[in-house]
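Asker: Have a look at the structure that comes next, please.
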Amino acid sequence: MAKQKSNESNITVVLWNNEKSAVFKSLSKEIQQHLQEERKNKRDSVVIQSPGKWEYFFFADNGDLSPRTLEKWRSKGNDIQSLANGNKQKSVLVKGEGVDEKISYAFAEGMALGNYKFTKYYTNAKERALSLEQMYIQDTHLSEAKQRELFTLVNATHLTRTLVNEPVSYLTAEKFSQEMVSAGKEAGFTVKVLRKKQIESLKMGGLLGVNKGSIDPPTFTIMEYKPAKAKNKKPLVLIGKGVVFDTGGLSLKPTPGSMDEMKCDMAGAAAVVGVMYAVAANKLPIHVIGLVPATDNRPGMNAIVPQDVLTISDGTTVEVMNTDAEGRLILADALVYAQKLNPDLVIDLATLTGAAIRAVGTYASAVMGTAPERVMREISQAGLEVWERTQEFPLWSDYAEELKSDVADLKNLGGGNAGHISAGKFLEHFTNYPWVHIDIAGTAWSNQSQGYRSKGGTGVGVRLLYQFLVKYYLGK
Ligand code: BES
Ligand code: ZN
Ligand code: ZN
């Protein structure tokens, strides 16, 4: 994703906005006339094709920068990426002048985000890899610094997708923690991995309980990026559900069906890694700590059973009514750990409930929390801006009633309705700080490619939180 050295590219895109611009004037009279005629007919895109060469002209209306329109620009960027890869092209040249920065940015973003394919396990991986390697962007409004920031953010999103796409045969909890160490080295953040002994001494009964059916040990990974001139006095803490595979445990999930995509159950954790990567590599002046409790959830001989009682690290006892509601158990220990960090704000990301999918489909992530109104509003706004939409749900005390157990402080299962909210309510019990919970069960994984959101892991959460952080802490 380098900058241009030459203009040699068989696919050229011109984002144009007015006839006085140098980009427009550099076109032949014929093409200029053609574009003007098409504009009169209200057509905003024109293709001129000769064998092995494609020239695309998009008219950019700077007056319409609504989130939905910017999403259309991402989609157009993705179309070009798809054309390039479909024709085995190595580079694309995009020229823009006078076009609003947001439009050029969205176009480049869609093009780069779409240029992703997980090919690791094909024996002929090289042949099946995408051909597009370079996107040359010559745009008067989109600065080089902004382009670099964008491409780092896209790489971070691709890292998250790859982690999600890795099956548990490779990505055990231990391997996952090592991947975090590598990401830290590359992007510039510190990583500390707690192993089973330390997890035991911290009495993380939720994480250890879920791990009991597994033959692979759990990990608890702490990532930290602490720049010298951080704008926040207290750290922002991100927590990600890191269930590297969720079989349901003894409350086994049926297959075919609900188990088939469960390698994605660490997508929250993978998104936290992506955000850490982007923030650190782009050197944002924000102090961020990422916490990832990781294990698989399996029905081994020693696995927890319904009615078992686990003790979370703060002493809270939980009656396990369904071993498939494991995410909240491991998150509880992480939320308790965050209490010691004196956080400014804690945000957790988790593929937590099927109920979140039933509530909003796969179009949005379900959000709830106790953070101030401004935080909730800005998360929602960031969601629209990057088109990783969110929908807020209430955390009324009524839902806590459903979590009462006959024998312990809590049970891990709510009533039959609004399961995403009772799960959120369960998590709330372990917080004593401003907190936001984002249930990405519906958005983390896609069975078919939806434009630039490739099939498999979508990388959801990375751009959402990056955008939120930049606005909330840096006011950009
Ligand atoms: N990992 C699942 C939730 C999930 C479902 C994620 C579909 C992605 C797609 C979670 O651990 C789970 O099994 N939740 C149960 C909870 C229930 C037993 C209370 C669910 O939602 O069915
Ligand atoms: Zn589960
Ligand atoms: Zn799960």
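Following the order of the structure tokens, chains are lettered A, B, ..., residues in each are numbered from 1, and ligands are numbered from 1.
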Any residue with an atom at most 7 Å from ligand 2 counts, using only C-alpha atoms and all ligand atoms. Which are they? Put them as a list in words.
Answerer: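 Using only C-alpha atoms and all ligand atoms, everything at most 7 Å from ligand 2 comes to Asp246, Thr247, Gly248, Thr323, Asp324, Ala325, Glu326 and Gly327 of chain A.
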Asker: Can I get the selection written as a compact mmCIF listing (two decimals), in the first residue's frame, with N, CA and C atoms?
Answerer:
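Printed below is selection23.txt as written:
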# COMPACT_ATOMS: atom_id res chain seq x y z
N ASP A 246 -16.02 -22.01 20.63
CA ASP A 246 -17.14 -22.23 21.55
C ASP A 246 -17.99 -23.41 21.06
N THR A 247 -17.77 -24.58 21.67
CA THR A 247 -18.63 -25.73 21.34
C THR A 247 -19.93 -25.67 22.14
N GLY A 248 -19.95 -24.79 23.14
CA GLY A 248 -21.06 -24.74 24.07
C GLY A 248 -20.71 -25.45 25.38
N THR A 323 -23.66 -24.07 30.21
CA THR A 323 -22.21 -23.91 29.98
C THR A 323 -21.93 -23.16 28.67
N ASP A 324 -22.98 -22.95 27.89
CA ASP A 324 -22.82 -22.20 26.64
C ASP A 324 -22.84 -20.68 26.89
N ALA A 325 -23.24 -20.28 28.09
CA ALA A 325 -23.17 -18.85 28.42
C ALA A 325 -21.83 -18.62 29.12
N GLU A 326 -20.75 -18.92 28.37
CA GLU A 326 -19.40 -18.92 28.95
C GLU A 326 -18.70 -17.57 28.84
N GLY A 327 -19.12 -16.78 27.83
CA GLY A 327 -18.43 -15.51 27.58
C GLY A 327 -18.49 -14.61 28.80
Asker: I need the residues of range 57-99 of chain A that end up classed as strand (DSSP E or B) by DSSP on the backbone, written out as a list in words.
Answerer: Phe57, Phe58, Phe59, Ser91, Val92, Leu93, Val94, Lys95 and Gly96 of chain A
Asker: At a cut-off of 9 Å, can you tabulate as a Markdown table every residue of chain A near ligand 1 together with its closest atom pair and the distance in Å to one decimal, using only C-alpha atoms and all ligand atoms and ordering rows by chain then number?
Answerer:
| residue | atom | partner | partner_atom_place_in_ligand_line | distance |
| --- | --- | --- | --- | --- |
| A:Val243 | CA | ligand 1 | 1 (N) | 7.8 |
| A:Phe245 | CA | ligand 1 | 1 (N) | 8.5 |
| A:Asp246 | CA | ligand 1 | 1 (N) | 6.0 |
| A:Thr247 | CA | ligand 1 | 13 (O) | 8.2 |
| A:Gly248 | CA | ligand 1 | 13 (O) | 6.0 |
| A:Ser251 | CA | ligand 1 | 18 (C) | 8.1 |
| A:Lys253 | CA | ligand 1 | 13 (O) | 7.7 |
| A:Ser258 | CA | ligand 1 | 7 (C) | 6.7 |
| A:Met259 | CA | ligand 1 | 7 (C) | 8.3 |
| A:Glu261 | CA | ligand 1 | 9 (C) | 7.2 |
| A:Met262 | CA | ligand 1 | 1 (N) | 6.6 |
| A:Cys264 | CA | ligand 1 | 8 (C) | 7.1 |
| A:Asp265 | CA | ligand 1 | 1 (N) | 5.3 |
| A:Met266 | CA | ligand 1 | 1 (N) | 8.7 |
| A:Asn297 | CA | ligand 1 | 11 (O) | 8.8 |
| A:Met321 | CA | ligand 1 | 18 (C) | 8.5 |
| A:Asn322 | CA | ligand 1 | 18 (C) | 5.6 |
| A:Thr323 | CA | ligand 1 | 18 (C) | 7.2 |
| A:Asp324 | CA | ligand 1 | 13 (O) | 4.5 |
| A:Ala325 | CA | ligand 1 | 16 (C) | 4.3 |
| A:Glu326 | CA | ligand 1 | 11 (O) | 5.4 |
| A:Gly327 | CA | ligand 1 | 11 (O) | 5.2 |
| A:Arg328 | CA | ligand 1 | 11 (O) | 8.0 |
| A:Ala350 | CA | ligand 1 | 6 (C) | 8.2 |
| A:Thr351 | CA | ligand 1 | 6 (C) | 4.5 |
| A:Leu352 | CA | ligand 1 | 3 (C) | 4.5 |
| A:Thr353 | CA | ligand 1 | 21 (O) | 3.4 |
| A:Gly354 | CA | ligand 1 | 21 (O) | 3.6 |
| A:Ala355 | CA | ligand 1 | 21 (O) | 5.5 |
| A:Ala356 | CA | ligand 1 | 21 (O) | 7.8 |
| A:Ile357 | CA | ligand 1 | 7 (C) | 7.3 |
| A:Asn412 | CA | ligand 1 | 19 (C) | 7.4 |
| A:Leu413 | CA | ligand 1 | 19 (C) | 5.2 |
| A:Gly414 | CA | ligand 1 | 19 (C) | 6.8 |
| A:Gly415 | CA | ligand 1 | 19 (C) | 8.6 |
| A:Gly416 | CA | ligand 1 | 19 (C) | 8.4 |
| A:Gly419 | CA | ligand 1 | 19 (C) | 6.3 |
| A:His420 | CA | ligand 1 | 21 (O) | 7.4 |
| A:Ser422 | CA | ligand 1 | 19 (C) | 8.7 |
| A:Ala423 | CA | ligand 1 | 19 (C) | 7.5 |
| A:Asp439 | CA | ligand 1 | 6 (C) | 8.8 |
| A:Ile440 | CA | ligand 1 | 8 (C) | 7.5 |
| A:Ala441 | CA | ligand 1 | 8 (C) | 4.0 |
| A:Gly442 | CA | ligand 1 | 9 (C) | 6.1 |
| A:Thr443 | CA | ligand 1 | 8 (C) | 8.5 |
| A:Ala444 | CA | ligand 1 | 8 (C) | 7.6 |
| A:Trp445 | CA | ligand 1 | 8 (C) | 7.6 |
Asker: Figure out the distance between CA of Lys476 in chain A and CA of Lys102 in chain A, please, to one decimal in Å.
Answerer: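 Computing the Euclidean distance for CA of Lys102 in chain A and CA of Lys476 in chain A yields 13.3 Å.
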Asker: Please report, as number ranges by chain, each residue of range 188-285 of chain A to which DSSP assigns alpha helix (DSSP H) when run on this structure's backbone.
Answerer: A: 196-201, 205-211, 267-281
Asker: Using the selection just defined, write its residues with N, CA and C atoms as a JSON list (two decimals), in the first residue's frame.
Answerer:
[["chain", "number", "residue", "atom", "x", "y", "z"],
["A", 196, "LYS", "N", -1.50, -20.15, 33.30],
["A", 196, "LYS", "CA", -2.46, -20.79, 34.20],
["A", 196, "LYS", "C", -2.14, -20.58, 35.69],
["A", 197, "LYS", "N", -0.88, -20.74, 36.06],
["A", 197, "LYS", "CA", -0.48, -20.60, 37.48],
["A", 197, "LYS", "C", -0.87, -19.21, 38.01],
["A", 198, "GLN", "N", -0.55, -18.18, 37.21],
["A", 198, "GLN", "CA", -0.85, -16.81, 37.64],
["A", 198, "GLN", "C", -2.35, -16.55, 37.65],
["A", 199, "ILE", "N", -3.04, -17.17, 36.70],
["A", 199, "ILE", "CA", -4.50, -17.00, 36.63],
["A", 199, "ILE", "C", -5.12, -17.65, 37.87],
["A", 200, "GLU", "N", -4.51, -18.78, 38.29],
["A", 200, "GLU", "CA", -4.98, -19.43, 39.52],
["A", 200, "GLU", "C", -4.71, -18.56, 40.73],
["A", 201, "SER", "N", -3.52, -17.96, 40.77],
["A", 201, "SER", "CA", -3.23, -17.15, 41.97],
["A", 201, "SER", "C", -4.10, -15.89, 42.01],
["A", 205, "GLY", "N", -11.89, -17.49, 38.74],
["A", 205, "GLY", "CA", -12.71, -18.71, 38.69],
["A", 205, "GLY", "C", -13.59, -18.82, 37.45],
["A", 206, "GLY", "N", -13.91, -17.71, 36.83],
["A", 206, "GLY", "CA", -14.71, -17.74, 35.60],
["A", 206, "GLY", "C", -13.90, -18.31, 34.46],
["A", 207, "LEU", "N", -12.72, -17.75, 34.26],
["A", 207, "LEU", "CA", -11.84, -18.20, 33.17],
["A", 207, "LEU", "C", -11.39, -19.64, 33.41],
["A", 208, "LEU", "N", -11.02, -19.96, 34.64],
["A", 208, "LEU", "CA", -10.58, -21.33, 34.95],
["A", 208, "LEU", "C", -11.74, -22.32, 34.81],
["A", 209, "GLY", "N", -12.92, -21.89, 35.20],
["A", 209, "GLY", "CA", -14.10, -22.76, 35.11],
["A", 209, "GLY", "C", -14.39, -23.14, 33.67],
["A", 210, "VAL", "N", -14.44, -22.14, 32.79],
["A", 210, "VAL", "CA", -14.73, -22.41, 31.38],
["A", 210, "VAL", "C", -13.63, -23.29, 30.79],
["A", 211, "ASN", "N", -12.41, -23.10, 31.28],
["A", 211, "ASN", "CA", -11.27, -23.85, 30.74],
["A", 211, "ASN", "C", -11.23, -25.32, 31.18],
["A", 267, "ALA", "N", -13.65, -12.88, 18.41],
["A", 267, "ALA", "CA", -13.63, -11.68, 17.57],
["A", 267, "ALA", "C", -13.54, -10.40, 18.40],
["A", 268, "GLY", "N", -14.12, -10.41, 19.60],
["A", 268, "GLY", "CA", -14.01, -9.24, 20.47],
["A", 268, "GLY", "C", -12.56, -9.00, 20.86],
["A", 269, "ALA", "N", -11.90, -10.09, 21.23],
["A", 269, "ALA", "CA", -10.48, -10.00, 21.60],
["A", 269, "ALA", "C", -9.64, -9.58, 20.40],
["A", 270, "ALA", "N", -9.95, -10.16, 19.24],
["A", 270, "ALA", "CA", -9.19, -9.82, 18.03],
["A", 270, "ALA", "C", -9.36, -8.34, 17.69],
["A", 271, "ALA", "N", -10.56, -7.81, 17.92],
["A", 271, "ALA", "CA", -10.79, -6.38, 17.65],
["A", 271, "ALA", "C", -9.99, -5.52, 18.63],
["A", 272, "VAL", "N", -9.89, -5.97, 19.87],
["A", 272, "VAL", "CA", -9.08, -5.22, 20.84],
["A", 272, "VAL", "C", -7.62, -5.18, 20.37],
["A", 273, "VAL", "N", -7.13, -6.31, 19.87],
["A", 273, "VAL", "CA", -5.76, -6.35, 19.34],
["A", 273, "VAL", "C", -5.63, -5.36, 18.17],
["A", 274, "GLY", "N", -6.63, -5.35, 17.30],
["A", 274, "GLY", "CA", -6.62, -4.44, 16.15],
["A", 274, "GLY", "C", -6.59, -2.97, 16.58],
["A", 275, "VAL", "N", -7.38, -2.64, 17.58],
["A", 275, "VAL", "CA", -7.41, -1.24, 18.04],
["A", 275, "VAL", "C", -6.05, -0.88, 18.67],
["A", 276, "MET", "N", -5.53, -1.78, 19.49],
["A", 276, "MET", "CA", -4.21, -1.53, 20.11],
["A", 276, "MET", "C", -3.17, -1.28, 19.01],
["A", 277, "TYR", "N", -3.24, -2.13, 17.98],
["A", 277, "TYR", "CA", -2.29, -2.04, 16.86],
["A", 277, "TYR", "C", -2.39, -0.67, 16.18],
["A", 278, "ALA", "N", -3.62, -0.29, 15.86],
["A", 278, "ALA", "CA", -3.81, 0.97, 15.11],
["A", 278, "ALA", "C", -3.42, 2.18, 15.95],
["A", 279, "VAL", "N", -3.82, 2.17, 17.22],
["A", 279, "VAL", "CA", -3.51, 3.31, 18.09],
["A", 279, "VAL", "C", -1.99, 3.45, 18.27],
["A", 280, "ALA", "N", -1.32, 2.31, 18.53],
["A", 280, "ALA", "CA", 0.12, 2.36, 18.77],
["A", 280, "ALA", "C", 0.89, 2.68, 17.49],
["A", 281, "ALA", "N", 0.54, 2.00, 16.40],
["A", 281, "ALA", "CA", 1.29, 2.22, 15.15],
["A", 281, "ALA", "C", 1.09, 3.65, 14.64]]
Asker: Restricting the calculation to only C-alpha atoms, which member of A:Asp139, A:Glu8, A:Glu428, A:Glu149 is positioned closest to Val346 in chain A?
Answerer: A:Glu428
Asker: Near Ile215 in chain A, counting only C-alpha atoms, which residues have an atom at most 12 Å away, once you skip same-chain residues fewer than 5 positions from it, shown as a list in words?
Answerer: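 The neighbour list is Thr172, Ala173, Glu174, Leu208, Val210, Thr295, Asp296, Asn297, Arg298, Pro299, Gly300, Met301, Asn302 and Ala303 of chain A.
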Asker: With only C-alpha atoms and all ligand atoms as the atoms that count, which of A:Ala332, A:Val244, A:Arg68, A:Glu319 lies nearest to ligand 3?
Answerer: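 Checking each of A:Ala332, A:Val244, A:Arg68, A:Glu319 against ligand 3, counting only C-alpha atoms and all ligand atoms, the winner is A:Val244.
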Asker: Skipping near chain neighbours, those fewer than 6 positions away, what residues fall within 12 Å of Ser66 in chain A using only C-alpha atoms, listed as a list in words?
Answerer: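 The contact residues come out as Lys72, Trp73, Lys102, Ile103, Ala106, Gln381, Leu384, Glu385, Val386 and Trp387 of chain A.
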Asker: Compile the contact shell of range 446-462 of chain A as a list in words: residues with an atom at most 6 Å away, counting only C-alpha atoms, same-chain residues fewer than 4 positions apart removed.
Answerer: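 The contact residues come out as Asn78, Gly110, Leu113, Gly114, Thr157, Thr160, Arg161, Val164, Asn165, Ala271, Gly274 and Val275 of chain A.
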Asker: Using the selection just defined, write its residues with N, CA and C atoms as a PDB file, in the first residue's frame.
Answerer:
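As written to disk, result_21.pdb reads:
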ATOM      1  N   ASN A  78     -14.417  -0.284  -3.279  1.00  0.00           N
ATOM      2  CA  ASN A  78     -14.335  -1.748  -3.271  1.00  0.00           C
ATOM      3  C   ASN A  78     -14.541  -2.320  -4.668  1.00  0.00           C
ATOM      4  N   GLY A 110     -12.573   1.934   1.271  1.00  0.00           N
ATOM      5  CA  GLY A 110     -13.325   0.792   0.743  1.00  0.00           C
ATOM      6  C   GLY A 110     -12.450  -0.070  -0.160  1.00  0.00           C
ATOM      7  N   LEU A 113      -9.927  -1.852   2.254  1.00  0.00           N
ATOM      8  CA  LEU A 113     -10.580  -2.841   3.134  1.00  0.00           C
ATOM      9  C   LEU A 113     -11.023  -4.075   2.344  1.00  0.00           C
ATOM     10  N   GLY A 114     -11.496  -3.841   1.121  1.00  0.00           N
ATOM     11  CA  GLY A 114     -11.970  -4.952   0.304  1.00  0.00           C
ATOM     12  C   GLY A 114     -10.837  -5.837  -0.191  1.00  0.00           C
ATOM     13  N   THR A 157      -7.306  -3.715  10.792  1.00  0.00           N
ATOM     14  CA  THR A 157      -8.580  -4.417  10.558  1.00  0.00           C
ATOM     15  C   THR A 157      -8.311  -5.776   9.920  1.00  0.00           C
ATOM     16  N   THR A 160      -7.116  -8.209  12.515  1.00  0.00           N
ATOM     17  CA  THR A 160      -8.254  -8.709  13.290  1.00  0.00           C
ATOM     18  C   THR A 160      -8.998  -9.786  12.501  1.00  0.00           C
ATOM     19  N   ARG A 161      -9.239  -9.536  11.220  1.00  0.00           N
ATOM     20  CA  ARG A 161      -9.930 -10.531  10.388  1.00  0.00           C
ATOM     21  C   ARG A 161      -9.150 -11.841  10.357  1.00  0.00           C
ATOM     22  N   VAL A 164      -9.457 -13.828  13.478  1.00  0.00           N
ATOM     23  CA  VAL A 164     -10.777 -14.466  13.551  1.00  0.00           C
ATOM     24  C   VAL A 164     -10.849 -15.652  12.595  1.00  0.00           C
ATOM     25  N   ASN A 165     -10.238 -15.508  11.423  1.00  0.00           N
ATOM     26  CA  ASN A 165     -10.310 -16.578  10.422  1.00  0.00           C
ATOM     27  C   ASN A 165      -9.458 -17.797  10.768  1.00  0.00           C
ATOM     28  N   ALA A 271     -10.557  -7.810  17.920  1.00  0.00           N
ATOM     29  CA  ALA A 271     -10.794  -6.385  17.654  1.00  0.00           C
ATOM     30  C   ALA A 271      -9.992  -5.521  18.630  1.00  0.00           C
ATOM     31  N   GLY A 274      -6.625  -5.351  17.299  1.00  0.00           N
ATOM     32  CA  GLY A 274      -6.618  -4.435  16.150  1.00  0.00           C
ATOM     33  C   GLY A 274      -6.588  -2.972  16.577  1.00  0.00           C
ATOM     34  N   VAL A 275      -7.379  -2.637  17.579  1.00  0.00           N
ATOM     35  CA  VAL A 275      -7.405  -1.238  18.043  1.00  0.00           C
ATOM     36  C   VAL A 275      -6.054  -0.879  18.669  1.00  0.00           C
TER      37      VAL A 275
END
Asker: What does the structure give for the distance between CA of Gln391 in chain A and CA of Ile438 in chain A, in Å to one decimal?
Answerer: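 Interatomic distance, CA of Gln391 in chain A to CA of Ile438 in chain A: 9.4 Å.
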